[in-house]
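Novice: Right, I'll just put the structure down here and ask away after.
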Amino acid sequence: MIFSLVAFAAVAVATPFVARAIGRGVFPIAAIVPTAVFAWLLTLVPAIAGGEVRFERIEWIPSLDIALSFRLDALSLLLALVVTGIGALVLLYCTWYFRDDEPGLGRFAALLLAFAGVMLGLVTSDDVYVLFTFWEATSVLSYLLIAHDAGKREARGAALQALTVTTFGGLTMLVGIVLLAVAGGTTSISELVADPVTGVAGEVAIALVLVGAISKSALVPFHFWLPAAMAAPTPVSAYLHAAAMVKAGVYLVALLAPGYADLAVWHPIVIGLGAFTMLVGGWRALRQTDLKLLLAYGTVSQLGFLIMVVGQGTRDAALAGTTLLLAHALFKAALFLTVGIVDHAAGTRDWRRLSGLGRRMPWLAAFATLAAASMAGLPPLLGFVAKEAVFSAQLEAGADGDTWAWVALVAAILGSMLTVAYSVRFIWGGFGTKLDVAPVELHREPAIMSFPTALLATTSLVSAFALPLIEPLLAAYAAELPGPDGYHLALWHGLEPALAISALVFGAGALLVWGRATVARLQAAVPDTIESARGYVHAVSAVDRAAARVTTLIQSGGLPGYLAIIVSVFILGLGGAVIMNDVWPGELRFADSPAQPVVGIAMIVAAIAAVVMRQRIAAVLLVGVTGYGMVLTFGMAGAPDLALTQALVETLTIVVVVLVLRRLPRRVTTRRPIVRAPARIAIGVLAGAVMAVVGVAALGARTAPSIAEGLTPLAIEAHAKNIVNALLVDLRAWDTLGEISVLVAVATGVASLIFVSGRMGGAPRLEATAGRRPRLRPVPEQADSMRAARRRLADVEHETDALAEAAATRQTWLLAGRTISPRNRSILVEVLVRLLFHPAIVVSVFLLFVGHNAPGGGFAGGLVAGLALVARYLAGGRYELGEAAPVDAGALLGTGLLLAAGTAASSLLFGLTVFESSWFEADVPVLGTLSIGTSTLFDIGVYLVVVGLVLDILRSLGAEIDRHMDEAGPDAVAEDPAEVRA
């Protein structure tokens, strides 16, 4: 199983790159993976049907008893076959469904394949936390797939709605999972089912878990997200919302039923909501004129039916439920794919505009009729076999005194009547001839596009005659529930009550079709007084209004008022905790050396001066003094790593802040301050006092021996002499991975504030400007200053020919220096930067590789490389930045994060736990013994992320702001040579 999941992940990652070369031809290639896994799973059917259960387990977090544990039994194998088999057909269908110019084709194929892999992991997981991880991954991937066409507001809204509802259910389910795992003493699902948790803990936990199941499977009151999700492309609807994701809730109910069906909370939720959902979905399906929405509400109805049956808790009901699950996956996927073909050919899904398609598309109509007949439960199809089994199981349980079985039977009969009616409505609406509707012009679609529909519909027919091959697998799961082994699947059981009920259902369904006008008037007369979708909209709107009011209240004072509230909360919260603290150090030492008070006084003076300073640049430099004071403090305390990192961060921070200040007034305004001076002074003094007291209290808060003594052996074990670096890239690699993820988020946030249309690509380069002359763009309201603008333009025009020659020969100290106005150039700075840039890069690489044994590391090395790029930018401008680093900052960030996170998976290849390091050592001539480990690769990832962050900030706050300032100059602006015509 683990190998199959890795194959899904690997091919999904490669799919976008392959799609760039072969377009929609990537879909058949992607389909190879689920097809191969499906074929392998088929070979396991005889053994699993015979009672064998296969386990695979890799320890993940032993301290929490969490493992990558997977299990293949009868139920999980059935779902795995559905996920992989239908997934392969849907991927093939996409080959003809999409056009070559479809935007995001590779991304869509990757997401759909990844979703199939995630669903496979979900239905085979044996650890509750691993199952939950896959569970939430399906919500995220479905969000991305539904919103494939991001330009459609409807698709974006539907995707967000589906994500919100299923994530809410998932988080509720997580609480139940934790309760089960804690009360049961294990995270293994098979053990929790074999030895179920009882009492109040079990009742509460299962109720919470069922909330997750019914939200994922779109039961009332969470059903509204599924019809809205029909804004997604049809392959998504056919797979996620008919055969895969919505089955997750059904699977979870079936998985837990053997252990928890006897709990008091079980039947009211499972059968009560399932019955109500079946009726609501069927009723709403009869009102739809959009064929896809008709199927969507029909899916809601069938999901309620499925959960009601598999949750009944008897052997016969389990057999009937799994048969119905298989039948539903076959006929509903076929019908959704049919709608996609009709929509492509006719350009509409509204059956009121369709007429005569049955004559013009006879083969498609035949296969669709076959699938719809299975949905209606007509013989001789698998849907008929499943419904016969359902009626028999419910009659048997009701005869044994189960009241809930009678409730389920009544709902099943009424819901099946509606199912017959909307099945006929689908076929008549999509393919029937309507005398009052003119035939639409059809676009010719390839006949092969109907192949997945034909195969699925035919399988529904063939399966009904191949029950001896199917039943052993289904019966193997059913045997886990109580009840006699008496009922068997068959097309004909003789004249029995279930057959009479089926006849009643067909007759009543025919009456509903015959009296459809009366039914329509009745439906129109019933008011929609209770509408979950409306409740969702009201809830979201209420949250938005509350957020707006809170934001207005808190941020009405601008940035000073906002900061005053934040710091005041900090003072009250942390200050109160410190006051209640009863642990204080026994003695206080004022200083460790005479230099420390001097440095401290200098930091205090600089901080006070920064507050009263009216010049922004001077204030920033004074703040920097406090940072460099910390550098000296760390250095005197024997912490060279911290001192080096603090110095580099402080330098880079000053540069970034200065870049931002170019867009602000030079002086700090003091007119009408939101927070008066006395209040600001009080808040500042109290905040400093609270931090000082916290520091003192922390010295006396230790109640256990320090872990410092144990760090040295751990660092040696990690092949490191630098304990700090060993902590960052080995012992606490999870923390560092989270921190660099935050850096990526910061870079994305900064870029999103500056770039409007997109941020792809690197900084502008000279090749785009060489040989081109800038053009004057006057600003009408500042026409009086045209003379100054012409002088500025002349400065640039004077360098154009020389710049073109420099770009061709690369014979200059700083290639892009001549793009800067002569008034802003410094030849001395250019020469120094050119001389020092390459040594700085060498030093950064040196710090990267020596960090495991000496001060340095990926973070420090990346900062040095970043400062070298800063120097090139300051000396030569934005074009010089493009020459120094002609790469996409986003690619650096993504590669670094992927490399760092990839070391977690690489540990698994060596049979180790996640982020457990491994090393390769070899004796190399001249160089001596070299030791390279996964921690080194992790540090390289950190290095790339830091360099990418600096480059992205320089592109955003440096190069892009330069361009903005050029375009909005005080008088007239010379347009960027890269953006003008020759």
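In the structure tokens, the first chain shown is A, the next is B, and so on; residue numbers restart at 1 for each chain, and ligands run from 1 in the order shown.
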For the strand (DSSP E) assignment from backbone DSSP, which residues of range 13-166 of chain A qualify? Please present them as a list in words.
Specialist: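 So, restricting range 13-166 of chain A to strand (DSSP E), we get Arg54, Phe55, Glu56, Arg57, Ile58, Glu59, Trp60, Ile61, Ile66, Ala67, Leu68, Ser69, Phe70, Arg71 and Leu72 of chain A.
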Novice: Excluding same-chain residues fewer than 2 positions from Val623 in chain A, what lies within 7 Å of it counting only C-alpha atoms, as a PyMOL selection string?
Specialist: chain A and resi 606-607+610+619-621+625-627
Novice: For Ile740 in chain A, find every residue with an atom within 10 Å (counting only C-alpha atoms), except residues of its own chain fewer than 5 positions away, and show them as a PDB file with N, CA and C atoms, in the first residue's frame.
Specialist:
```pdb
ATOM      1  N   ASP A 735      10.628  22.161  14.014  1.00  0.00           N
ATOM      2  CA  ASP A 735      10.477  23.587  14.320  1.00  0.00           C
ATOM      3  C   ASP A 735      11.033  24.446  13.187  1.00  0.00           C
ATOM      4  N   ALA A 745       5.724  32.179   3.521  1.00  0.00           N
ATOM      5  CA  ALA A 745       4.466  32.916   3.613  1.00  0.00           C
ATOM      6  C   ALA A 745       4.710  34.420   3.664  1.00  0.00           C
ATOM      7  N   VAL A 746       5.752  34.840   4.375  1.00  0.00           N
ATOM      8  CA  VAL A 746       6.086  36.268   4.451  1.00  0.00           C
ATOM      9  C   VAL A 746       6.452  36.806   3.075  1.00  0.00           C
ATOM     10  N   PHE A 859      20.992  29.245   7.534  1.00  0.00           N
ATOM     11  CA  PHE A 859      20.341  30.536   7.754  1.00  0.00           C
ATOM     12  C   PHE A 859      21.347  31.673   7.654  1.00  0.00           C
ATOM     13  N   LEU A 893      12.327  29.738  -3.402  1.00  0.00           N
ATOM     14  CA  LEU A 893      11.565  29.469  -2.184  1.00  0.00           C
ATOM     15  C   LEU A 893      10.957  28.077  -2.219  1.00  0.00           C
ATOM     16  N   GLY A 896      13.694  25.304  -2.045  1.00  0.00           N
ATOM     17  CA  GLY A 896      14.247  25.183  -0.699  1.00  0.00           C
ATOM     18  C   GLY A 896      13.299  24.503   0.258  1.00  0.00           C
ATOM     19  N   LEU A 897      12.023  24.911   0.220  1.00  0.00           N
ATOM     20  CA  LEU A 897      11.039  24.292   1.110  1.00  0.00           C
ATOM     21  C   LEU A 897      10.842  22.822   0.766  1.00  0.00           C
ATOM     22  N   ALA A 900      13.923  20.863   2.009  1.00  0.00           N
ATOM     23  CA  ALA A 900      13.916  20.697   3.465  1.00  0.00           C
ATOM     24  C   ALA A 900      12.865  19.679   3.893  1.00  0.00           C
ATOM     25  N   GLY A 941      18.323  23.428   1.988  1.00  0.00           N
ATOM     26  CA  GLY A 941      16.963  23.924   1.776  1.00  0.00           C
ATOM     27  C   GLY A 941      16.720  25.228   2.519  1.00  0.00           C
ATOM     28  N   VAL A 942      17.197  25.321   3.768  1.00  0.00           N
ATOM     29  CA  VAL A 942      17.068  26.559   4.534  1.00  0.00           C
ATOM     30  C   VAL A 942      17.800  27.697   3.824  1.00  0.00           C
ATOM     31  N   TYR A 943      18.985  27.414   3.338  1.00  0.00           N
ATOM     32  CA  TYR A 943      19.791  28.401   2.621  1.00  0.00           C
ATOM     33  C   TYR A 943      19.032  28.948   1.417  1.00  0.00           C
ATOM     34  N   VAL A 945      15.807  28.942   0.865  1.00  0.00           N
ATOM     35  CA  VAL A 945      14.627  29.698   1.290  1.00  0.00           C
ATOM     36  C   VAL A 945      15.018  31.113   1.701  1.00  0.00           C
ATOM     37  N   VAL A 946      16.104  31.255   2.458  1.00  0.00           N
ATOM     38  CA  VAL A 946      16.523  32.581   2.912  1.00  0.00           C
ATOM     39  C   VAL A 946      16.943  33.444   1.720  1.00  0.00           C
ATOM     40  N   LEU A 949      13.891  34.451  -0.083  1.00  0.00           N
ATOM     41  CA  LEU A 949      13.167  35.490   0.651  1.00  0.00           C
ATOM     42  C   LEU A 949      13.784  36.863   0.387  1.00  0.00           C
TER      43      LEU A 949
END
```
Novice: Need the shell around Gly862 in chain A: protein/DNA/RNA residues with any atom at most 10 Å away, counting only C-alpha atoms. Skip same-chain ones fewer than 6 positions apart. Format as a list in words?
Specialist: Leu648, Ile841, Ser844, Val845, Leu847, Leu848, Gly856, Ala868, Asp939, Ile940, Gly941, Val942, Tyr943, Leu944, Val945, Val946, Val947, Gly948, Leu949 and Val950 of chain A
Novice: Would you pick out the contacts of Asp100 in chain A at 10 Å or less, using only C-alpha atoms, so that residues sharing its chain but fewer than 6 positions from it are not included, and give the list as number ranges by chain?
Specialist: A: 19, 22-25
Novice: Residues near Ser935 in chain A, anyone? I mean within 12 Å using only C-alpha atoms, not counting same-chain ones fewer than 6 positions away, as a VMD selection string.
Specialist: chain A and resid 715 718 to 720 725 to 734 736 to 737 848 to 849 851 to 852 857 to 858 899 to 904 906 to 907 915 to 920 941 to 942
Novice: Just checking: using only C-alpha atoms, which residue out of A:Val6, A:Ala14, A:Ala524, A:Ile146 ends up closest to Leu163 in chain A?
Specialist: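 Of A:Val6, A:Ala14, A:Ala524, A:Ile146, the one nearest Leu163 in chain A, counting only C-alpha atoms, is A:Ile146.
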Novice: Using 12 Å as the limit and counting only C-alpha atoms, can you tabulate each residue of range 487-546 of chain A that touches range 319-323 of chain A, with its shortest atom-to-atom distance in Å and the two atoms involved, as a tab-separated table?
Specialist:
```
residue	atom	partner	partner_atom	distance
A:Tyr487	CA	A:Leu319	CA	8.7
A:His488	CA	A:Leu319	CA	8.4
A:Leu489	CA	A:Ala320	CA	8.3
A:Ala490	CA	A:Ala320	CA	11.3
```
Novice: Pick the closest to Leu522 in chain A from A:Leu179, A:Val842, A:Asp343, A:Leu286: which is it, counting only C-alpha atoms?
Specialist: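 When distances to Leu522 in chain A are compared using only C-alpha atoms, the smallest one comes from A:Leu286.
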